[in-house]
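K.L.:
Data file protein_28.cif (mmCIF, C-alpha atoms and all ligand atoms) is appended below.
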data_protein
#
loop_
_atom_site.label_atom_id
_atom_site.label_comp_id
_atom_site.auth_asym_id
_atom_site.auth_seq_id
_atom_site.Cartn_x
_atom_site.Cartn_y
_atom_site.Cartn_z
CA MET A 1 0.00 0.00 0.00
CA LYS A 2 0.94 3.66 -0.37
CA VAL A 3 1.06 5.89 2.71
CA LEU A 4 1.25 9.68 2.94
CA ILE A 5 2.47 11.26 6.20
CA VAL A 6 1.73 14.95 6.83
CA GLY A 7 4.31 16.85 8.90
CA SER A 8 8.02 17.57 9.06
CA GLY A 9 9.37 17.03 12.58
CA GLY A 10 11.03 14.35 14.69
CA ARG A 11 7.60 12.91 15.47
CA GLU A 12 6.84 12.42 11.79
CA HIS A 13 10.30 10.88 11.29
CA ALA A 14 9.51 8.34 14.03
CA ILE A 15 6.10 7.67 12.44
CA ALA A 16 7.73 7.23 9.01
CA TRP A 17 10.31 4.84 10.48
CA SER A 18 7.55 2.82 12.12
CA VAL A 19 5.40 2.77 8.96
CA ALA A 20 8.42 1.69 6.90
CA LYS A 21 8.79 -1.41 9.12
CA SER A 22 5.39 -2.71 8.02
CA ASP A 23 5.56 -5.29 5.24
CA LYS A 24 2.18 -4.02 4.03
CA VAL A 25 3.75 -0.76 2.87
CA ASP A 26 5.34 -0.38 -0.59
CA LYS A 27 5.75 3.36 -0.81
CA ILE A 28 5.77 6.28 1.63
CA TYR A 29 5.37 9.97 0.82
CA CYS A 30 5.80 12.76 3.34
CA ALA A 31 4.57 16.34 3.00
CA PRO A 32 6.68 18.33 3.50
CA GLY A 33 9.11 16.01 5.38
CA ASN A 34 12.78 16.64 6.16
CA ALA A 35 16.23 15.24 5.32
CA GLY A 36 15.90 12.27 7.69
CA ILE A 37 12.40 11.31 6.61
CA ALA A 38 13.71 11.32 3.02
CA GLU A 39 15.51 8.06 3.83
CA TYR A 40 12.17 6.21 4.00
CA ALA A 41 9.83 8.48 2.12
CA GLU A 42 9.62 10.61 -0.97
CA CYS A 43 9.27 14.13 0.40
CA VAL A 44 6.85 16.39 -1.47
CA ASN A 45 6.90 20.12 -1.20
CA ILE A 46 3.34 20.71 0.00
CA GLY A 47 2.66 22.44 3.33
CA ALA A 48 0.61 20.75 6.05
CA MET A 49 -2.07 23.45 5.81
CA GLU A 50 -2.48 23.21 2.02
CA PHE A 51 -5.47 20.88 2.21
CA ASP A 52 -6.57 21.17 -1.44
CA LYS A 53 -3.10 20.36 -2.72
CA LEU A 54 -2.71 17.45 -0.29
CA VAL A 55 -6.08 15.97 -1.25
CA GLN A 56 -5.25 16.34 -4.93
CA PHE A 57 -1.86 14.69 -4.38
CA ALA A 58 -3.45 11.78 -2.49
CA LYS A 59 -5.90 11.23 -5.33
CA GLU A 60 -3.28 11.48 -8.08
CA LYS A 61 -0.90 9.05 -6.35
CA GLU A 62 -3.74 6.75 -5.25
CA ILE A 63 -2.67 6.94 -1.61
CA ASP A 64 -4.27 4.21 0.49
CA LEU A 65 -3.76 5.83 3.88
CA THR A 66 -2.82 9.34 5.02
CA VAL A 67 -1.49 9.89 8.55
CA ILE A 68 -1.62 13.39 10.05
CA GLY A 69 1.18 14.11 12.53
CA MET A 70 0.58 17.74 13.44
CA ASP A 71 -2.08 19.54 15.48
CA ASP A 72 -2.70 22.64 13.32
CA PRO A 73 -4.10 20.81 10.29
CA LEU A 74 -6.18 18.49 12.51
CA VAL A 75 -7.78 21.36 14.38
CA ALA A 76 -8.41 23.15 11.06
CA GLY A 77 -10.24 20.10 9.63
CA ILE A 78 -7.78 18.30 7.34
CA VAL A 79 -9.45 14.95 8.12
CA ASP A 80 -12.82 16.30 6.99
CA ALA A 81 -11.22 17.52 3.74
CA PHE A 82 -9.83 14.02 3.02
CA GLU A 83 -12.96 12.15 4.08
CA LYS A 84 -15.16 14.35 1.91
CA GLU A 85 -13.25 13.00 -1.08
CA GLY A 86 -13.56 9.41 0.13
CA LEU A 87 -9.88 9.17 1.12
CA ARG A 88 -8.73 7.08 4.09
CA VAL A 89 -7.05 9.19 6.75
CA PHE A 90 -5.85 8.60 10.30
CA GLY A 91 -6.65 11.35 12.81
CA PRO A 92 -9.63 13.04 14.46
CA ASN A 93 -12.02 15.16 12.40
CA LYS A 94 -12.46 18.83 13.18
CA ALA A 95 -15.33 18.27 15.62
CA ALA A 96 -13.17 15.84 17.65
CA ALA A 97 -9.83 17.67 17.36
CA ILE A 98 -11.37 20.47 19.44
CA LEU A 99 -10.25 18.31 22.37
CA GLU A 100 -6.82 19.88 21.75
CA GLY A 101 -7.95 22.96 19.81
CA SER A 102 -9.86 24.54 22.69
CA LYS A 103 -8.69 24.30 26.29
CA ALA A 104 -11.98 25.84 27.44
CA PHE A 105 -13.84 23.02 25.65
CA SER A 106 -11.64 20.33 27.18
CA LYS A 107 -11.98 21.77 30.69
CA ASP A 108 -15.77 21.94 30.37
CA LEU A 109 -15.81 18.36 29.06
CA MET A 110 -13.80 17.11 32.04
CA LYS A 111 -16.01 18.98 34.48
CA LYS A 112 -19.23 17.68 32.90
CA TYR A 113 -18.03 14.06 32.89
CA ASN A 114 -16.18 14.13 36.24
CA ILE A 115 -12.74 13.52 34.75
CA PRO A 116 -10.17 14.64 37.33
CA THR A 117 -8.44 17.92 36.42
CA ALA A 118 -7.41 21.20 38.06
CA GLY A 119 -10.17 23.58 39.18
CA TYR A 120 -10.70 26.40 36.66
CA GLU A 121 -12.83 29.17 35.17
CA ASN A 122 -13.13 30.15 31.50
CA PHE A 123 -13.20 33.80 30.43
CA ASP A 124 -13.91 35.63 27.22
CA SER A 125 -13.50 39.10 28.63
CA ALA A 126 -10.25 40.48 30.05
CA GLU A 127 -12.25 42.57 32.50
CA ASP A 128 -13.89 39.52 34.07
CA ALA A 129 -10.58 37.64 34.16
CA LEU A 130 -8.85 40.55 35.93
CA ALA A 131 -11.66 40.82 38.46
CA TYR A 132 -11.47 37.07 39.17
CA LEU A 133 -7.74 37.31 39.88
CA GLU A 134 -8.29 39.77 42.75
CA THR A 135 -9.52 36.97 45.01
CA ALA A 136 -7.50 34.10 43.53
CA LYS A 137 -4.79 31.99 45.19
CA PHE A 138 -1.22 32.08 43.81
CA PRO A 139 0.62 30.62 41.97
CA ILE A 140 -2.07 30.42 39.32
CA VAL A 141 -2.05 29.17 35.73
CA LEU A 142 -3.26 31.16 32.70
CA LYS A 143 -3.93 29.36 29.43
CA ALA A 144 -4.79 30.78 26.03
CA ASP A 145 -7.73 28.74 24.75
CA GLY A 146 -6.40 27.88 21.29
CA LEU A 147 -3.23 26.43 19.78
CA ALA A 148 -0.14 28.47 20.60
CA LEU A 149 2.77 26.17 19.69
CA GLY A 150 2.81 24.90 23.27
CA LYS A 151 3.62 28.38 24.54
CA GLY A 152 0.18 29.61 25.58
CA VAL A 153 0.52 28.57 29.25
CA LEU A 154 1.71 31.08 31.86
CA ILE A 155 2.41 30.15 35.46
CA CYS A 156 2.08 33.31 37.56
CA ASN A 157 3.38 33.65 41.10
CA THR A 158 1.83 37.03 41.96
CA LEU A 159 -1.28 39.05 41.24
CA GLU A 160 0.80 41.56 39.25
CA GLU A 161 2.29 38.84 37.03
CA ALA A 162 -1.13 37.33 36.46
CA LYS A 163 -2.64 40.69 35.51
CA ASP A 164 0.17 41.25 33.01
CA GLY A 165 -0.46 37.74 31.69
CA VAL A 166 -4.17 38.37 31.14
CA LYS A 167 -3.34 41.61 29.34
CA SER A 168 -0.77 39.97 27.07
CA ILE A 169 -3.06 37.05 26.21
CA MET A 170 -6.42 38.80 25.87
CA LEU A 171 -5.64 42.43 25.04
CA ASP A 172 -2.22 42.43 23.31
CA LYS A 173 -3.08 39.09 21.65
CA LYS A 174 0.39 37.67 22.18
CA PHE A 175 -0.88 34.30 20.90
CA GLY A 176 -3.25 35.80 18.31
CA THR A 177 -6.85 34.60 18.25
CA ALA A 178 -5.85 31.67 20.50
CA GLY A 179 -6.26 34.23 23.29
CA ASN A 180 -9.82 35.32 22.50
CA THR A 181 -10.87 33.02 25.33
CA MET A 182 -8.72 31.91 28.23
CA VAL A 183 -8.72 29.45 31.07
CA ILE A 184 -7.55 30.39 34.55
CA GLU A 185 -6.64 27.27 36.43
CA GLU A 186 -5.50 26.09 39.83
CA PHE A 187 -1.74 25.41 40.05
CA MET A 188 -0.93 21.74 40.64
CA THR A 189 2.30 20.11 41.78
CA GLY A 190 3.56 16.61 41.11
CA ARG A 191 5.26 14.47 38.49
CA GLU A 192 4.15 14.81 34.90
CA VAL A 193 3.54 11.77 32.71
CA SER A 194 2.56 11.57 29.04
CA VAL A 195 0.33 8.69 28.00
CA LEU A 196 -0.45 8.37 24.29
CA SER A 197 -3.29 6.18 23.13
CA PHE A 198 -4.97 4.85 20.01
CA VAL A 199 -8.72 5.44 19.79
CA ASP A 200 -11.29 4.13 17.28
CA GLY A 201 -14.29 6.15 18.43
CA LYS A 202 -15.28 3.73 21.20
CA THR A 203 -12.28 1.59 22.19
CA ILE A 204 -9.05 3.03 23.59
CA LYS A 205 -5.68 1.27 23.85
CA THR A 206 -2.93 3.13 25.66
CA MET A 207 0.71 2.96 24.66
CA THR A 208 3.64 2.74 27.05
CA SER A 209 4.15 5.87 29.18
CA ALA A 210 6.76 8.60 28.70
CA GLN A 211 8.02 11.82 30.25
CA ASP A 212 9.02 15.00 28.45
CA HIS A 213 11.39 17.81 29.53
CA LYS A 214 9.87 21.07 28.35
CA ARG A 215 12.32 23.67 29.65
CA ALA A 216 15.37 24.69 27.63
CA LYS A 217 17.99 24.36 30.37
CA ASP A 218 19.25 21.82 32.87
CA GLY A 219 17.38 21.64 36.16
CA ASP A 220 14.13 22.63 34.39
CA GLU A 221 15.29 26.21 34.06
CA GLY A 222 14.95 28.51 31.08
CA LEU A 223 12.13 28.99 28.63
CA ASN A 224 9.50 26.47 27.62
CA THR A 225 10.36 24.62 24.41
CA GLY A 226 8.68 22.05 22.20
CA GLY A 227 10.48 19.40 24.30
CA MET A 228 14.21 18.81 24.93
CA GLY A 229 14.13 15.08 25.59
CA THR A 230 12.05 12.16 26.80
CA PHE A 231 12.25 8.80 28.46
CA SER A 232 9.95 5.79 28.37
CA PRO A 233 8.50 4.17 30.38
CA SER A 234 7.97 6.53 33.32
CA PRO A 235 8.84 4.73 36.57
CA PHE A 236 6.26 6.95 38.30
CA TYR A 237 3.44 5.57 36.13
CA THR A 238 2.75 2.68 38.47
CA LYS A 239 0.15 -0.05 38.13
CA GLU A 240 -1.94 1.85 40.66
CA VAL A 241 -1.81 5.08 38.64
CA GLU A 242 -2.63 3.18 35.47
CA GLU A 243 -5.63 1.48 37.08
CA PHE A 244 -6.93 4.82 38.36
CA CYS A 245 -6.63 6.39 34.91
CA GLU A 246 -8.28 3.41 33.25
CA LYS A 247 -11.19 3.80 35.62
CA TYR A 248 -11.61 7.59 35.62
CA VAL A 249 -9.73 9.13 32.69
CA TYR A 250 -9.11 7.15 29.50
CA GLN A 251 -12.39 5.43 28.65
CA ALA A 252 -14.28 8.28 30.32
CA THR A 253 -12.78 10.75 27.83
CA VAL A 254 -13.59 8.60 24.81
CA ASP A 255 -17.16 8.03 26.04
CA ALA A 256 -17.60 11.74 26.79
CA MET A 257 -16.56 12.72 23.25
CA LYS A 258 -18.96 10.15 21.80
CA GLU A 259 -21.75 11.41 24.03
CA GLU A 260 -21.07 14.97 22.80
CA GLY A 261 -21.44 13.83 19.18
CA ARG A 262 -17.71 14.26 18.61
CA GLU A 263 -16.59 10.66 18.15
CA PHE A 264 -12.79 10.64 18.42
CA LYS A 265 -10.67 8.49 16.10
CA GLY A 266 -6.90 8.87 16.19
CA ILE A 267 -4.42 9.57 18.96
CA ILE A 268 -5.37 11.01 22.33
CA PHE A 269 -2.34 12.21 24.26
CA PHE A 270 -3.07 12.53 27.97
CA GLY A 271 -0.80 14.98 29.79
CA LEU A 272 -1.15 13.82 33.40
CA MET A 273 -0.01 15.33 36.68
CA LEU A 274 0.43 12.85 39.50
CA THR A 275 -0.73 15.02 42.42
CA GLU A 276 -1.07 14.16 46.09
CA ASP A 277 -4.80 13.82 45.46
CA GLY A 278 -4.26 11.37 42.62
CA PRO A 279 -3.66 11.70 38.88
CA LYS A 280 -5.25 14.70 37.14
CA VAL A 281 -5.40 15.68 33.48
CA LEU A 282 -3.20 18.69 32.63
CA GLU A 283 -4.06 18.73 28.97
CA TYR A 284 -5.21 16.68 26.02
CA ASN A 285 -3.54 16.61 22.64
CA ALA A 286 -5.15 15.12 19.56
CA ARG A 287 -1.95 13.73 18.02
CA PHE A 288 1.30 11.95 18.85
CA GLY A 289 3.63 13.85 21.21
CA ASP A 290 6.93 15.27 20.09
CA PRO A 291 9.44 14.04 21.35
CA GLU A 292 7.41 11.34 23.16
CA THR A 293 6.86 9.48 19.87
CA GLN A 294 10.63 9.15 19.47
CA VAL A 295 10.80 6.94 22.60
CA VAL A 296 7.41 5.22 22.36
CA LEU A 297 7.31 3.96 18.76
CA PRO A 298 10.79 2.35 18.79
CA ARG A 299 9.46 0.17 21.65
CA MET A 300 6.21 -0.79 19.90
CA LYS A 301 6.04 -4.37 18.61
CA THR A 302 2.64 -4.24 16.90
CA ASP A 303 2.51 -3.30 13.21
CA ILE A 304 1.48 0.37 13.24
CA ILE A 305 -0.44 0.05 9.97
CA ASP A 306 -2.71 -2.59 11.53
CA VAL A 307 -3.40 -0.21 14.41
CA PHE A 308 -4.08 2.80 12.15
CA GLU A 309 -6.48 0.73 10.03
CA ALA A 310 -8.26 -0.63 13.12
CA CYS A 311 -8.79 2.92 14.44
CA ILE A 312 -10.34 4.00 11.15
CA ASP A 313 -12.50 0.85 10.87
CA GLY A 314 -13.62 0.80 14.50
CA THR A 315 -12.00 -2.59 15.20
CA LEU A 316 -9.36 -1.59 17.72
CA ASP A 317 -10.79 -4.10 20.21
CA LYS A 318 -9.33 -6.85 17.99
CA ILE A 319 -5.79 -5.46 18.21
CA GLU A 320 -3.30 -6.59 20.81
CA LEU A 321 -1.03 -3.60 21.35
CA GLU A 322 2.40 -4.79 22.48
CA PHE A 323 5.54 -3.01 23.64
CA GLU A 324 9.03 -4.28 24.33
CA ASP A 325 9.94 -4.81 27.96
CA ASN A 326 12.84 -2.37 27.87
CA ALA A 327 13.39 1.41 27.95
CA ALA A 328 14.29 4.27 25.63
CA VAL A 329 15.68 7.77 26.09
CA CYS A 330 15.68 10.60 23.55
CA VAL A 331 18.02 13.60 23.87
CA VAL A 332 17.23 16.52 21.59
CA LEU A 333 20.16 18.21 19.88
CA ALA A 334 19.15 21.82 19.34
CA SER A 335 20.65 24.96 17.85
CA ASP A 336 22.15 27.09 20.62
CA GLY A 337 19.76 29.95 21.35
CA TYR A 338 16.57 27.92 20.82
CA PRO A 339 13.71 28.67 21.56
CA LEU A 340 14.54 32.34 20.90
CA SER A 341 16.96 33.13 18.08
CA TYR A 342 19.53 30.80 16.56
CA GLU A 343 21.51 30.32 13.37
CA LYS A 344 20.79 27.65 10.77
CA GLY A 345 22.54 26.10 7.79
CA PHE A 346 25.43 24.31 9.56
CA GLU A 347 26.63 20.97 8.22
CA ILE A 348 25.76 17.93 10.36
CA THR A 349 28.26 15.05 10.50
CA GLY A 350 28.26 11.62 12.14
CA LEU A 351 24.75 10.57 11.09
CA GLU A 352 26.03 7.36 9.44
CA GLU A 353 27.09 5.99 12.87
CA PHE A 354 23.44 5.17 13.60
CA LYS A 355 23.32 2.72 10.68
CA ASN A 356 25.96 0.58 12.42
CA HIS A 357 24.24 0.41 15.80
CA ASP A 358 21.03 -1.51 16.50
CA GLY A 359 18.70 0.15 19.00
CA TYR A 360 20.03 3.65 18.24
CA TYR A 361 18.01 6.13 16.19
CA CYS A 362 18.58 9.66 14.99
CA PHE A 363 15.21 11.28 14.29
CA HIS A 364 15.47 14.49 12.31
CA ALA A 365 13.45 17.53 13.38
CA GLY A 366 14.99 20.59 11.71
CA THR A 367 17.31 19.43 8.93
CA LYS A 368 17.50 19.74 5.15
CA TRP A 369 19.69 18.77 2.22
CA GLU A 370 21.84 21.60 0.85
CA ASP A 371 24.58 21.19 -1.78
CA GLY A 372 24.88 17.46 -1.10
CA LYS A 373 25.10 17.89 2.67
CA ILE A 374 22.60 17.63 5.51
CA VAL A 375 22.45 20.97 7.36
CA THR A 376 20.67 22.35 10.42
CA ASN A 377 17.34 23.95 9.58
CA GLY A 378 15.53 24.63 12.85
CA GLY A 379 15.69 25.12 16.62
CA ARG A 380 15.31 21.47 17.43
CA VAL A 381 17.61 19.71 14.97
CA LEU A 382 17.78 16.01 15.89
CA GLY A 383 16.32 13.62 18.46
CA VAL A 384 18.91 11.03 19.44
CA THR A 385 17.13 7.96 20.81
CA ALA A 386 18.68 4.84 22.29
CA LYS A 387 17.16 1.78 23.84
CA GLY A 388 18.50 -0.15 26.81
CA THR A 389 17.41 -3.02 29.01
CA ASN A 390 16.45 -0.41 31.62
CA LEU A 391 16.18 3.39 31.83
CA LYS A 392 19.68 3.95 33.18
CA GLU A 393 21.24 1.94 30.40
CA ALA A 394 19.08 3.66 27.78
CA ARG A 395 20.10 7.07 29.11
CA ALA A 396 23.82 6.20 29.05
CA ASN A 397 23.43 4.88 25.50
CA ALA A 398 21.55 7.97 24.31
CA TYR A 399 24.13 10.36 25.74
CA LYS A 400 26.95 8.30 24.21
CA ALA A 401 25.23 8.57 20.82
CA THR A 402 24.86 12.35 21.08
CA GLU A 403 28.66 12.46 20.84
CA TRP A 404 28.62 10.83 17.39
CA ILE A 405 26.94 13.92 15.96
CA GLN A 406 28.68 17.21 15.30
CA PHE A 407 27.40 20.55 14.07
CA ALA A 408 28.22 24.16 14.91
CA ASN A 409 26.22 25.60 17.85
CA LYS A 410 25.05 22.14 18.98
CA TYR A 411 23.14 22.43 22.26
CA LYS A 412 21.56 19.80 24.50
CA ARG A 413 20.34 19.36 28.04
CA ASN A 414 22.61 17.15 30.12
CA ASP A 415 19.99 15.97 32.60
CA ILE A 416 17.38 14.22 30.47
CA GLY A 417 16.06 11.37 32.60
CA LYS A 418 17.56 12.65 35.83
CA ALA A 419 14.25 11.80 37.53
CA ILE A 420 15.03 8.13 36.86
CA ASP A 421 17.52 8.27 39.74
CA GLU A 422 14.78 9.41 42.11
CA ALA A 423 12.41 6.56 41.25
P1 LIG B 1 -0.14 22.36 28.78
O1 LIG B 1 0.13 22.94 27.43
O2 LIG B 1 -1.54 22.55 29.27
O3 LIG B 1 0.39 20.97 28.94
O4 LIG B 1 0.81 23.14 29.77
C1 LIG B 1 2.21 23.18 29.54
C2 LIG B 1 2.93 22.90 30.84
O5 LIG B 1 2.54 23.86 31.82
C3 LIG B 1 2.57 21.56 31.45
O6 LIG B 1 3.35 20.53 30.91
C4 LIG B 1 2.88 21.81 32.90
O7 LIG B 1 4.27 21.71 33.15
C5 LIG B 1 2.47 23.25 33.09
N1 LIG B 1 1.10 23.33 33.59
C6 LIG B 1 -0.05 23.40 32.87
N2 LIG B 1 -1.13 23.44 33.67
C7 LIG B 1 -0.67 23.41 34.93
C8 LIG B 1 -1.29 23.42 36.22
N3 LIG B 1 -2.61 23.52 36.36
N4 LIG B 1 -0.50 23.36 37.31
C9 LIG B 1 0.84 23.31 37.18
N5 LIG B 1 1.49 23.28 36.00
C10 LIG B 1 0.75 23.34 34.88
N1 LIG B 2 5.79 16.87 24.11
C1 LIG B 2 4.61 17.60 24.27
C2 LIG B 2 3.77 17.71 23.08
O1 LIG B 2 3.96 17.03 22.09
O2 LIG B 2 2.85 18.49 23.13
#
Please express what this file holds, its structure, as structure tokens.

P.N.:
Amino acid sequence: MKVLIVGSGGREHAIAWSVAKSDKVDKIYCAPGNAGIAEYAECVNIGAMEFDKLVQFAKEKEIDLTVIGMDDPLVAGIVDAFEKEGLRVFGPNKAAAILEGSKAFSKDLMKKYNIPTAGYENFDSAEDALAYLETAKFPIVLKADGLALGKGVLICNTLEEAKDGVKSIMLDKKFGTAGNTMVIEEFMTGREVSVLSFVDGKTIKTMTSAQDHKRAKDGDEGLNTGGMGTFSPSPFYTKEVEEFCEKYVYQATVDAMKEEGREFKGIIFFGLMLTEDGPKVLEYNARFGDPETQVVLPRMKTDIIDVFEACIDGTLDKIELEFEDNAAVCVVLASDGYPLSYEKGFEITGLEEFKNHDGYYCFHAGTKWEDGKIVTNGGRVLGVTAKGTNLKEARANAYKATEWIQFANKYKRNDIGKAIDEA
């Protein structure tokens, strides 16, 4: 079969690698892709938001299955555009992708269906939000309602900070229309865990757990980023936590969406906080996590095409989702200066080392071919993943592999997986 993957990051590289393993697949295309994805897929120069062109391409090439990696096109209705033309596509339609597209929607959903989450209020006027803050407890969390590249969350320690936050989100429109509505939410403390899952509208099958590191610098300092590294599984995601979430979170979310007439097919990513009062949902995403995918998919044993097809056909209950009993760690190699300003266009060397080592992967995020060389082309450049029999071994392997790669202004965190030592 022929598969088209939409996206261009490390997540899509990991998806392409996983799809390429399936013996059902003859040909992979990726729009727009990157230099690493080009190893498995023919990259086509169509943007993820160019729905008409993508649909036309899928028809022309007789694509059997399209997989959407990114959130923006999902929230904007790319799945509806494909389905309208009778094309098979993996991902939630627009009505369902609102689970990620509107934080106010997702908070109201959780409240209505008693899914544990932080206490909150939604606002669509800055005046009301500012008035609410006067009697609030601090720290407090402000969230722009819509998609904001993962940057629309502000944790405010004082009333002054929170007032400035409301102004920047709702009046100065720092995150554009994403800030027309906002959520003000209780601050929670605890360990964070990411759980990705496959959903077919009624059945949900969770994947192995993972943990991300969102801040740019060691010790969780510095600015929020798209993610600087991950490990899987999370030692804090115990059997007890899993059982709680199975009872109160996972199936409850899928049933709630169905009940609302927004049947969800695709990936639900549960961002969980393990608080003293039990696990609570921090956020939902309607797609694979980045860089969680880079540690989860290399450990998946089940053929991903079978799972995608079962989600579309509503037969996920027939699939046995299996993961290896080992661990993986991903360390992101970034351009120094990310997430603010950084230079691009530097030659990357050492990539061929990964071909000689089983259980080591170099997923490209921001790279491209230029004059016969692979060069840096983004803030997050590569995700270096390694497996090990346990987390400590995987971490040592991943850090060893980061040394194989060289490029000017290479930057990484040195404490990815430090929490493993506290488990
Ligand atoms: P989100 O995009 O909702 O996942 O938020 C981004 C990050 O902000 C999360 O990964 C948490 O680290 C933090 N965060 C979000 N909501 C809360 C909250 N209610 N309490 C504490 N931290 C939060
Ligand atoms: N790693 C967090 C995300 O994909 O949103």

K.L.:
Fewer than 3 positions away in the same chain doesn't count, so skip those; otherwise give me all residues within 7 Å of region 346-363 of chain A, counting only C-alpha atoms, as a list of chain:residue names.

P.N.:
A:Gly10, A:His13, A:Ala14, A:Gly36, A:Lys373, A:Ile374, A:Val375, A:Thr376, A:Leu382, A:Gly383, A:Val384, A:Thr385, A:Ala386, A:Lys387, A:Trp404, A:Ile405, A:Gln406, A:Phe407, A:Ala408

K.L.:
Hey, which residues sit close to ligand LIG 2 (chain B)? Say within 8 Å, counting only C-alpha atoms and all ligand atoms, and write them as a list in words.

P.N.:
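Counting only C-alpha atoms and all ligand atoms, the residues within 8 Å of ligand LIG 2 (chain B) come out as Gly150, Ser194, Asp212, His213, Lys214, Gly226, Gly227, Asn285, Arg287, Phe288, Gly289, Asp290, Pro291 and Glu292 of chain A.
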
K.L.:
Contacts of Pro235 (chain A) at 10 Å or less, counting only C-alpha atoms, minus same-chain residues fewer than 5 places along, as an MDAnalysis selection string?

P.N.:
chainID A and resid 193 209:211 391 419:423

K.L.:
Where does chain A meet ligand LIG 1 (chain B) within 8 Å, residue by residue, with the nearest atom pair and distance in Å to one decimal for each, counting only C-alpha atoms and all ligand atoms, listed by chain and rising number, as a Markdown table?

P.N.:
| residue | atom | partner | partner_atom | distance |
| --- | --- | --- | --- | --- |
| A:Lys103 | CA | B:LIG1 | O2 | 7.9 |
| A:Ala118 | CA | B:LIG1 | N3 | 5.6 |
| A:Ile140 | CA | B:LIG1 | N4 | 7.5 |
| A:Val141 | CA | B:LIG1 | N3 | 5.7 |
| A:Lys143 | CA | B:LIG1 | O2 | 7.2 |
| A:Gly150 | CA | B:LIG1 | O1 | 5.3 |
| A:Lys151 | CA | B:LIG1 | O1 | 7.1 |
| A:Gly152 | CA | B:LIG1 | O1 | 6.9 |
| A:Val153 | CA | B:LIG1 | O4 | 5.5 |
| A:Leu154 | CA | B:LIG1 | O5 | 7.3 |
| A:Ile155 | CA | B:LIG1 | N5 | 7.0 |
| A:Glu185 | CA | B:LIG1 | N3 | 5.5 |
| A:Glu186 | CA | B:LIG1 | N3 | 5.2 |
| A:Phe187 | CA | B:LIG1 | N4 | 3.6 |
| A:Met188 | CA | B:LIG1 | N4 | 3.7 |
| A:Thr189 | CA | B:LIG1 | C9 | 5.8 |
| A:Glu192 | CA | B:LIG1 | O6 | 7.0 |
| A:Lys214 | CA | B:LIG1 | O6 | 7.0 |
| A:Gly271 | CA | B:LIG1 | O3 | 6.2 |
| A:Leu282 | CA | B:LIG1 | N2 | 5.3 |
| A:Glu283 | CA | B:LIG1 | O2 | 4.6 |
| A:Tyr284 | CA | B:LIG1 | O3 | 7.6 |

K.L.:
Choose the residue, out of A:Val55, A:Ile169, A:Ile37, A:Leu159, that has the smallest atom-to-atom separation from Gly86 (chain A); count all atoms listed in the file.

P.N.:
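Distance minimum relative to Gly86 (chain A) lands on A:Val55.
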
K.L.:
For the atom pair CA of Asp172 (chain A) and CA of Leu147 (chain A), what is the interatomic distance in Å to one decimal place?

P.N.:
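That distance, rounded to one decimal, is 16.4 Å.
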
K.L.:
So which residues touch Ala396 (chain A) within 12 Å, counting only C-alpha atoms, skipping near sequence neighbours fewer than 5 positions away, as a ChimeraX atom specification?

P.N.:
/A:231,327-331,360,384-391,401-403,414-418,420

K.L.:
What would the list of residues within 10 Å of (-0.9, -1.6, 14.8) (file frame) look like as a PDB file with C-alpha atoms, in the coordinates of the input, if all atoms listed in the file are what count?

P.N.:
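What landed in part.pdb:
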ATOM      1  CA  SER A  18       7.550   2.820  12.120  1.00  0.00           C
ATOM      2  CA  VAL A  19       5.400   2.770   8.960  1.00  0.00           C
ATOM      3  CA  SER A  22       5.390  -2.710   8.020  1.00  0.00           C
ATOM      4  CA  PHE A 198      -4.970   4.850  20.010  1.00  0.00           C
ATOM      5  CA  MET A 300       6.210  -0.790  19.900  1.00  0.00           C
ATOM      6  CA  LYS A 301       6.040  -4.370  18.610  1.00  0.00           C
ATOM      7  CA  THR A 302       2.640  -4.240  16.900  1.00  0.00           C
ATOM      8  CA  ASP A 303       2.510  -3.300  13.210  1.00  0.00           C
ATOM      9  CA  ILE A 304       1.480   0.370  13.240  1.00  0.00           C
ATOM     10  CA  ILE A 305      -0.440   0.050   9.970  1.00  0.00           C
ATOM     11  CA  ASP A 306      -2.710  -2.590  11.530  1.00  0.00           C
ATOM     12  CA  VAL A 307      -3.400  -0.210  14.410  1.00  0.00           C
ATOM     13  CA  PHE A 308      -4.080   2.800  12.150  1.00  0.00           C
ATOM     14  CA  GLU A 309      -6.480   0.730  10.030  1.00  0.00           C
ATOM     15  CA  ALA A 310      -8.260  -0.630  13.120  1.00  0.00           C
ATOM     16  CA  CYS A 311      -8.790   2.920  14.440  1.00  0.00           C
ATOM     17  CA  LEU A 316      -9.360  -1.590  17.720  1.00  0.00           C
ATOM     18  CA  ILE A 319      -5.790  -5.460  18.210  1.00  0.00           C
ATOM     19  CA  GLU A 320      -3.300  -6.590  20.810  1.00  0.00           C
ATOM     20  CA  LEU A 321      -1.030  -3.600  21.350  1.00  0.00           C
ATOM     21  CA  GLU A 322       2.400  -4.790  22.480  1.00  0.00           C
TER      22      GLU A 322
END

K.L.:
Can you work out which one of A:Arg11, A:Arg88, A:Lys21, A:Arg413 has the shortest atom-to-atom distance to Asp218 (chain A), counting all atoms listed in the file?

P.N.:
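For Asp218 (chain A), the nearest of the candidates is A:Arg413.
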
K.L.:
Using all atoms listed in the file, give me every residue within 12 Å of (-0.5, 3.8, 36.7) in file coordinates, as number ranges by chain.

P.N.:
A: 193-195, 206, 208-210, 233-250, 272-274, 278-280

K.L.:
So how far away is CA of Thr135 (chain A) from CA of Val183 (chain A), in Å?

P.N.:
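Spanning CA of Val183 (chain A) to CA of Thr135 (chain A) is a straight-line distance of 15.9 Å.
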